[in-house]
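Here's input-v4.txt, which has compact mmCIF, C-alpha atoms:
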# COMPACT_ATOMS: atom_id res chain seq x y z
CA MET A 1 18.26 -0.02 -23.62
CA LYS A 2 15.66 -2.43 -22.24
CA THR A 3 16.84 -5.65 -20.65
CA ILE A 4 13.84 -7.78 -19.62
CA ARG A 5 10.48 -8.74 -21.11
CA ILE A 6 7.73 -10.65 -19.29
CA ALA A 7 7.07 -14.27 -20.22
CA ARG A 8 3.66 -15.89 -20.00
CA ASP A 9 4.47 -17.46 -16.63
CA GLY A 10 5.19 -14.02 -15.18
CA ARG A 11 8.96 -14.32 -15.03
CA GLY A 12 11.28 -11.95 -16.80
CA GLU A 13 13.15 -12.98 -19.93
CA PRO A 14 16.18 -10.96 -21.10
CA PHE A 15 15.93 -9.21 -24.46
CA GLN A 16 19.67 -9.75 -24.68
CA SER A 17 22.30 -11.53 -22.64
CA GLU A 18 24.13 -9.92 -19.77
CA ALA A 19 27.36 -10.29 -21.74
CA ASP A 20 25.90 -8.48 -24.76
CA LEU A 21 24.55 -5.70 -22.56
CA SER A 22 27.93 -5.32 -20.89
CA ALA A 23 29.63 -5.09 -24.29
CA LEU A 24 27.22 -2.37 -25.42
CA ILE A 25 27.84 -0.39 -22.25
CA LYS A 26 31.60 -0.69 -22.69
CA ALA A 27 31.42 0.42 -26.33
CA ALA A 28 29.33 3.47 -25.41
CA ASN A 29 31.50 4.46 -22.45
CA ASP A 30 34.75 3.94 -24.33
CA ASN A 31 33.48 6.41 -26.93
CA GLY A 32 32.55 9.03 -24.35
CA PHE A 33 28.83 8.32 -24.05
CA PRO A 34 27.16 7.69 -20.68
CA THR A 35 24.59 4.90 -20.83
CA ALA A 36 20.98 4.68 -19.62
CA VAL A 37 19.40 1.24 -19.23
CA HIS A 38 15.69 0.72 -18.56
CA ALA A 39 15.19 -1.88 -15.81
CA ILE A 40 11.98 -2.21 -13.79
CA GLY A 41 11.94 -5.52 -11.88
CA ASP A 42 14.51 -6.74 -9.38
CA ALA A 43 15.94 -9.32 -11.81
CA GLY A 44 16.31 -6.71 -14.55
CA VAL A 45 17.94 -4.23 -12.17
CA GLN A 46 20.36 -6.86 -10.89
CA MET A 47 21.29 -7.95 -14.40
CA THR A 48 21.87 -4.33 -15.41
CA LEU A 49 24.13 -3.68 -12.42
CA ASN A 50 26.08 -6.84 -13.27
CA ALA A 51 26.54 -5.53 -16.82
CA PHE A 52 27.70 -2.13 -15.57
CA GLU A 53 30.10 -3.76 -13.13
CA LYS A 54 31.75 -5.71 -15.94
CA GLY A 55 31.50 -3.23 -18.77
CA GLN A 56 31.46 0.40 -17.67
CA SER A 57 34.49 2.61 -18.14
CA PRO A 58 35.32 5.71 -16.10
CA GLY A 59 33.90 8.83 -17.71
CA LYS A 60 33.03 12.45 -17.00
CA TYR A 61 29.34 11.74 -16.67
CA PRO A 62 27.65 8.87 -14.84
CA ASN A 63 25.71 5.94 -16.21
CA ARG A 64 22.18 5.48 -14.96
CA VAL A 65 19.35 3.00 -14.59
CA GLU A 66 15.83 4.14 -15.46
CA HIS A 67 12.74 3.21 -13.38
CA ILE A 68 14.03 0.70 -10.76
CA GLU A 69 10.51 -0.07 -9.60
CA ILE A 70 11.55 -3.10 -7.52
CA ILE A 71 15.04 -3.84 -6.27
CA SER A 72 16.69 -6.49 -4.16
CA PRO A 73 17.91 -4.63 -1.02
CA PRO A 74 21.61 -5.62 -1.41
CA ASP A 75 21.59 -4.05 -4.88
CA ILE A 76 20.92 -0.59 -3.44
CA GLU A 77 24.46 -0.42 -2.08
CA ARG A 78 25.78 -1.56 -5.47
CA PHE A 79 24.40 1.63 -7.05
CA LYS A 80 26.64 3.62 -4.70
CA THR A 81 29.64 1.35 -5.16
CA LEU A 82 29.41 1.42 -8.95
CA GLY A 83 28.60 5.14 -9.16
CA ILE A 84 25.31 4.53 -10.98
CA VAL A 85 22.53 7.14 -10.90
CA ALA A 86 19.01 6.00 -9.99
CA SER A 87 16.55 7.74 -12.33
CA MET A 88 13.05 7.22 -10.91
CA GLN A 89 9.49 8.43 -11.49
CA PRO A 90 7.32 9.09 -8.40
CA ASN A 91 3.96 8.85 -10.17
CA HIS A 92 4.79 5.33 -11.33
CA ALA A 93 4.55 4.33 -7.67
CA THR A 94 1.40 6.19 -6.70
CA GLY A 95 -0.40 5.00 -9.82
CA THR A 96 -0.11 1.39 -8.61
CA ILE A 97 -1.48 1.92 -5.10
CA GLY A 98 -4.68 0.00 -4.55
CA LYS A 99 -4.69 -1.21 -8.14
CA TYR A 100 -2.23 -4.04 -8.73
CA ILE A 101 1.16 -3.72 -7.03
CA THR A 102 0.41 -5.99 -4.05
CA GLU A 103 -1.40 -8.60 -6.14
CA ARG A 104 1.48 -8.84 -8.59
CA VAL A 105 4.51 -8.91 -6.30
CA GLY A 106 3.16 -9.81 -2.84
CA HIS A 107 3.32 -8.06 0.52
CA GLU A 108 6.97 -8.90 1.22
CA ARG A 109 8.40 -7.76 -2.09
CA GLU A 110 6.26 -4.62 -2.32
CA SER A 111 8.35 -3.17 0.51
CA HIS A 112 11.26 -3.26 -1.96
CA ALA A 113 9.36 -1.16 -4.50
CA TYR A 114 10.00 2.51 -5.31
CA VAL A 115 12.61 2.85 -2.56
CA TRP A 116 13.53 6.50 -3.02
CA LYS A 117 14.43 7.13 0.61
CA SER A 118 16.59 4.02 0.86
CA MET A 119 18.50 5.15 -2.22
CA LEU A 120 19.20 8.54 -0.67
CA GLU A 121 20.17 6.99 2.68
CA HIS A 122 22.76 4.91 0.83
CA LYS A 123 24.09 8.11 -0.82
CA VAL A 124 22.89 7.04 -4.26
CA PRO A 125 22.28 10.01 -6.62
CA VAL A 126 18.52 10.04 -7.31
CA VAL A 127 17.05 11.89 -10.28
CA PHE A 128 13.28 12.34 -10.60
CA GLY A 129 11.38 12.71 -13.87
CA SER A 130 7.98 12.02 -15.37
CA ASP A 131 8.57 9.42 -18.10
CA TRP A 132 5.81 11.31 -19.91
CA ALA A 133 3.50 10.21 -21.52
CA THR A 134 3.23 7.22 -19.17
CA SER A 135 2.62 9.56 -16.22
CA PRO A 136 1.81 13.27 -15.70
CA LEU A 137 4.34 15.74 -17.09
CA SER A 138 3.87 18.23 -14.22
CA PRO A 139 6.83 18.38 -11.80
CA LEU A 140 4.41 19.60 -9.11
CA THR A 141 2.41 16.38 -9.41
CA GLN A 142 5.54 14.25 -9.33
CA ILE A 143 6.96 16.10 -6.31
CA ASN A 144 3.65 15.70 -4.48
CA ASP A 145 3.74 11.96 -5.18
CA ALA A 146 7.31 11.70 -3.91
CA VAL A 147 6.48 13.51 -0.66
CA PHE A 148 3.12 11.92 0.18
CA ARG A 149 3.07 8.52 -1.65
CA GLU A 150 -0.72 8.50 -1.94
CA SER A 151 -2.93 7.24 -4.74
CA PRO A 152 -4.06 10.05 -7.08
CA PHE A 153 -7.28 8.07 -7.49
CA GLY A 154 -8.14 7.91 -3.79
CA LEU A 155 -7.34 4.20 -3.60
CA GLY A 156 -5.50 2.40 -0.85
CA ASP A 157 -5.41 3.33 2.81
CA GLY A 158 -3.48 6.57 3.04
CA PRO A 159 0.27 6.82 2.41
CA TRP A 160 1.75 3.65 0.93
CA HIS A 161 5.01 2.59 2.61
CA PRO A 162 5.57 6.13 3.91
CA GLU A 163 9.03 5.13 5.13
CA GLN A 164 10.11 5.54 1.49
CA ALA A 165 8.67 9.06 1.12
CA VAL A 166 11.15 11.92 0.74
CA THR A 167 11.06 15.49 2.01
CA PHE A 168 10.03 18.38 -0.22
CA ASP A 169 13.64 19.61 -0.34
CA GLU A 170 14.87 16.15 -1.36
CA ALA A 171 12.20 15.87 -4.06
CA LEU A 172 12.93 19.36 -5.40
CA PHE A 173 16.66 18.64 -5.56
CA ALA A 174 16.01 15.33 -7.35
CA TYR A 175 13.91 17.21 -9.91
CA THR A 176 16.40 20.03 -10.48
CA GLN A 177 20.06 20.02 -9.46
CA ALA A 178 20.40 16.24 -9.43
CA GLY A 179 19.61 16.13 -13.13
CA ALA A 180 21.97 18.99 -13.86
CA ASN A 181 24.74 17.13 -12.03
CA MET A 182 24.64 14.45 -14.73
CA THR A 183 25.55 16.98 -17.41
CA PRO A 184 28.45 19.32 -18.27
CA TRP A 185 26.36 22.26 -16.99
CA ALA A 186 26.08 21.44 -13.27
CA ASN A 187 27.64 24.81 -12.37
CA GLU A 188 25.42 26.75 -14.76
CA ILE A 189 21.91 25.32 -14.27
CA GLY A 190 19.89 23.33 -11.74
CA SER A 191 19.39 25.85 -8.95
CA ILE A 192 18.63 29.53 -8.40
CA SER A 193 22.16 30.52 -7.44
CA THR A 194 24.57 33.38 -8.06
CA GLY A 195 26.33 32.96 -11.39
CA LYS A 196 23.85 30.45 -12.81
CA TRP A 197 21.31 30.94 -15.55
CA ALA A 198 18.11 32.49 -14.22
CA ASP A 199 15.84 29.55 -15.04
CA PHE A 200 12.77 29.49 -12.79
CA VAL A 201 8.98 29.49 -12.64
CA VAL A 202 6.54 31.69 -10.73
CA LEU A 203 3.57 29.88 -9.20
CA ASP A 204 0.10 31.27 -8.68
CA ALA A 205 0.41 31.08 -4.88
CA LYS A 206 3.10 30.69 -2.25
CA LEU A 207 3.70 27.14 -1.10
CA PRO A 208 3.07 26.62 2.63
CA ASP A 209 5.86 25.58 4.98
CA PRO A 210 5.76 22.68 5.44
CA VAL A 211 4.46 21.88 1.98
CA ASP A 212 1.03 20.24 2.00
CA ARG A 213 -1.10 18.49 -0.61
CA SER A 214 -2.20 21.81 -2.10
CA ILE A 215 0.96 21.65 -4.21
CA ARG A 216 -1.03 19.62 -6.74
CA GLU A 217 -3.42 22.55 -7.19
CA ARG A 218 -0.78 25.15 -8.00
CA HIS A 219 -0.34 26.49 -11.51
CA VAL A 220 2.59 28.15 -13.25
CA GLU A 221 2.01 31.86 -13.81
CA ALA A 222 5.27 32.54 -15.62
CA THR A 223 8.39 30.74 -16.84
CA TYR A 224 11.82 32.31 -17.26
CA VAL A 225 14.82 30.89 -19.13
CA ALA A 226 18.16 32.67 -18.76
CA GLY A 227 16.28 35.59 -17.23
CA ALA A 228 13.91 36.03 -20.17
CA GLU A 229 10.18 35.46 -19.81
CA VAL A 230 9.16 32.68 -22.19
CA TYR A 231 5.66 31.98 -20.84
CA ARG A 232 2.93 33.96 -19.13
CA ALA A 233 -0.46 32.54 -18.18
CA LYS A 234 -3.40 34.37 -19.68

If you took the structure in this file and wrote it as structure tokens, what would it be?
Amino acid sequence: MKTIRIARDGRGEPFQSEADLSALIKAANDNGFPTAVHAIGDAGVQMTLNAFEKGQSPGKYPNRVEHIEIISPPDIERFKTLGIVASMQPNHATGTIGKYITERVGHERESHAYVWKSMLEHKVPVVFGSDWATSPLSPLTQINDAVFRESPFGLGDGPWHPEQAVTFDEALFAYTQAGANMTPWANEIGSISTGKWADFVVLDAKLPDPVDRSIRERHVEATYVAGAEVYRAK
């Protein structure tokens, strides 16, 4: 569901009321369906959290908010309190560096944008993805963006708000096991572990330790699903 559209004066306008959104969330949860709501700006995120607070019902699998590109700092703790997953896309952040983010939201509010590290520090479950086709499908590109927070176009002045960068291990977990934890198969997929499906890829070169920016240059040589090779580079 999408909650906010942009009016001509730059402010967000709800597609639907908070009460209607809350009712939709309740109906989905009561019937056993977790809910994902798209919310990008701080007003949209806050409205979505309000709707979850009033409407969500306890279930086996968590509700989530998609994107969360800007957030009011007090709302970060609300994700933890309400048990909401933060589903975020690293390349959405790096694609704005040096292009328009500062001009559109200002220097003060840009520090509240793409706050992956703050989410993790508040013990909020963070799931990374691509939102393809709006950003690159490659997990290696997205992980690189999460770790280094640099413009893929060479814009800006080095890492952008590096205090919100995550470690390679945190980014890898957000791209693998964190997503599995939202499903019934958390104990079967999501990591290379004893007793789980052998789902993994083989890269064309070993990643250095610590991981550097060469991660963007790596290619997948082979892909395995449940132990069976399903792809091999020519």

May I have the residues within 8 Å of segment 94-108 of chain A as a compact mmCIF listing (two decimals) with C-alpha atoms, keeping the file's coordinate frame, using all atoms listed in the file and disregarding those fewer than 5 positions away in the same chain?
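Just written: out.txt:
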# COMPACT_ATOMS: atom_id res chain seq x y z
CA ASP A 145 3.74 11.96 -5.18
CA ARG A 149 3.07 8.52 -1.65
CA GLU A 150 -0.72 8.50 -1.94
CA SER A 151 -2.93 7.24 -4.74
CA PRO A 152 -4.06 10.05 -7.08
CA PHE A 153 -7.28 8.07 -7.49
CA LEU A 155 -7.34 4.20 -3.60
CA GLY A 156 -5.50 2.40 -0.85
CA TRP A 160 1.75 3.65 0.93

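Between Asp212 of chain A and the residues A:Trp197, A:Phe128, A:Phe168, A:Trp116, the shortest atom-to-atom distance, using all atoms listed in the file, involves A:Phe168.
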
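Candidate residues A:Gln56, A:Asn50, A:Asn63, A:Ser191 were compared for distance to Arg78 of chain A, and the nearest is A:Asn50, using all atoms listed in the file.
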
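Between atom CA of Met88 of chain A and atom CA of Asp131 of chain A lies a distance of 8.8 Å.
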
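Within the 12 Å cut-off around Ser138 of chain A, using only C-alpha atoms and omitting residues fewer than 2 positions from it on the same chain, the listed residues are A:Gln89, A:Pro90, A:Asn91, A:Phe128, A:Gly129, A:Ser130, A:Asp131, A:Trp132, A:Ala133, A:Ser135, A:Pro136, A:Leu140, A:Thr141, A:Gln142, A:Ile143, A:Asn144, A:Asp145, A:Tyr175, A:Ile215, A:Arg216, A:Glu217, A:Arg218, A:His219, A:Val220.
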
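The closest residue to Met182 of chain A, picked from A:Gly59, A:Gly12, A:Gly158, A:Pro139 and counting all atoms listed in the file, is A:Gly59.
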
**Residues within 10 Å of (30.4, 2.5, -24.5), file coords, all atoms listed in the file, listed as a PyMOL selection string** = chain A and resi 22-35+55-57+59

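Taking atom CA of Val202 of chain A as the reference point, atom CA of Glu229 of chain A is found at 10.5 Å.
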
Would you mind completing segment 26-45 of chain A so that it carries N, CA and C atoms, and writing it out as a PDB file, keeping the file's coordinate frame?
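Result went into selection-v4.pdb, see below:
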ATOM      1  N   LYS A  26      30.172  -0.972 -22.534  1.00  0.00           N
ATOM      2  CA  LYS A  26      31.600  -0.690 -22.690  1.00  0.00           C
ATOM      3  C   LYS A  26      31.864   0.109 -23.969  1.00  0.00           C
ATOM      4  N   ALA A  27      31.208  -0.285 -25.070  1.00  0.00           N
ATOM      5  CA  ALA A  27      31.420   0.420 -26.330  1.00  0.00           C
ATOM      6  C   ALA A  27      30.979   1.872 -26.222  1.00  0.00           C
ATOM      7  N   ALA A  28      29.826   2.104 -25.571  1.00  0.00           N
ATOM      8  CA  ALA A  28      29.330   3.470 -25.410  1.00  0.00           C
ATOM      9  C   ALA A  28      30.269   4.284 -24.524  1.00  0.00           C
ATOM     10  N   ASN A  29      30.626   3.739 -23.372  1.00  0.00           N
ATOM     11  CA  ASN A  29      31.500   4.460 -22.450  1.00  0.00           C
ATOM     12  C   ASN A  29      32.864   4.731 -23.040  1.00  0.00           C
ATOM     13  N   ASP A  30      33.424   3.760 -23.731  1.00  0.00           N
ATOM     14  CA  ASP A  30      34.750   3.940 -24.330  1.00  0.00           C
ATOM     15  C   ASP A  30      34.765   5.051 -25.375  1.00  0.00           C
ATOM     16  N   ASN A  31      33.588   5.345 -25.937  1.00  0.00           N
ATOM     17  CA  ASN A  31      33.480   6.410 -26.930  1.00  0.00           C
ATOM     18  C   ASN A  31      32.924   7.704 -26.344  1.00  0.00           C
ATOM     19  N   GLY A  32      32.907   7.778 -25.014  1.00  0.00           N
ATOM     20  CA  GLY A  32      32.550   9.030 -24.350  1.00  0.00           C
ATOM     21  C   GLY A  32      31.073   9.234 -24.086  1.00  0.00           C
ATOM     22  N   PHE A  33      30.260   8.186 -24.258  1.00  0.00           N
ATOM     23  CA  PHE A  33      28.830   8.320 -24.050  1.00  0.00           C
ATOM     24  C   PHE A  33      28.397   7.639 -22.753  1.00  0.00           C
ATOM     25  N   PRO A  34      27.767   8.361 -21.818  1.00  0.00           N
ATOM     26  CA  PRO A  34      27.160   7.690 -20.680  1.00  0.00           C
ATOM     27  C   PRO A  34      25.970   6.858 -21.161  1.00  0.00           C
ATOM     28  N   THR A  35      25.615   5.838 -20.397  1.00  0.00           N
ATOM     29  CA  THR A  35      24.590   4.900 -20.830  1.00  0.00           C
ATOM     30  C   THR A  35      23.413   4.896 -19.865  1.00  0.00           C
ATOM     31  N   ALA A  36      22.201   4.843 -20.410  1.00  0.00           N
ATOM     32  CA  ALA A  36      20.980   4.680 -19.620  1.00  0.00           C
ATOM     33  C   ALA A  36      20.335   3.360 -20.000  1.00  0.00           C
ATOM     34  N   VAL A  37      20.039   2.534 -18.999  1.00  0.00           N
ATOM     35  CA  VAL A  37      19.400   1.240 -19.230  1.00  0.00           C
ATOM     36  C   VAL A  37      18.078   1.221 -18.478  1.00  0.00           C
ATOM     37  N   HIS A  38      16.999   0.855 -19.196  1.00  0.00           N
ATOM     38  CA  HIS A  38      15.690   0.720 -18.560  1.00  0.00           C
ATOM     39  C   HIS A  38      15.609  -0.633 -17.874  1.00  0.00           C
ATOM     40  N   ALA A  39      15.336  -0.635 -16.571  1.00  0.00           N
ATOM     41  CA  ALA A  39      15.190  -1.880 -15.810  1.00  0.00           C
ATOM     42  C   ALA A  39      14.147  -1.638 -14.719  1.00  0.00           C
ATOM     43  N   ILE A  40      13.094  -2.441 -14.708  1.00  0.00           N
ATOM     44  CA  ILE A  40      11.980  -2.210 -13.790  1.00  0.00           C
ATOM     45  C   ILE A  40      11.966  -3.208 -12.639  1.00  0.00           C
ATOM     46  N   GLY A  41      12.006  -4.505 -12.927  1.00  0.00           N
ATOM     47  CA  GLY A  41      11.940  -5.520 -11.880  1.00  0.00           C
ATOM     48  C   GLY A  41      13.288  -5.780 -11.243  1.00  0.00           C
ATOM     49  N   ASP A  42      13.272  -6.509 -10.106  1.00  0.00           N
ATOM     50  CA  ASP A  42      14.510  -6.740  -9.380  1.00  0.00           C
ATOM     51  C   ASP A  42      15.515  -7.574 -10.183  1.00  0.00           C
ATOM     52  N   ALA A  43      15.021  -8.530 -10.987  1.00  0.00           N
ATOM     53  CA  ALA A  43      15.940  -9.320 -11.810  1.00  0.00           C
ATOM     54  C   ALA A  43      16.577  -8.466 -12.896  1.00  0.00           C
ATOM     55  N   GLY A  44      15.788  -7.594 -13.519  1.00  0.00           N
ATOM     56  CA  GLY A  44      16.310  -6.710 -14.550  1.00  0.00           C
ATOM     57  C   GLY A  44      17.313  -5.725 -13.992  1.00  0.00           C
ATOM     58  N   VAL A  45      17.016  -5.174 -12.804  1.00  0.00           N
ATOM     59  CA  VAL A  45      17.940  -4.230 -12.170  1.00  0.00           C
ATOM     60  C   VAL A  45      19.246  -4.928 -11.824  1.00  0.00           C
TER      61      VAL A  45
END
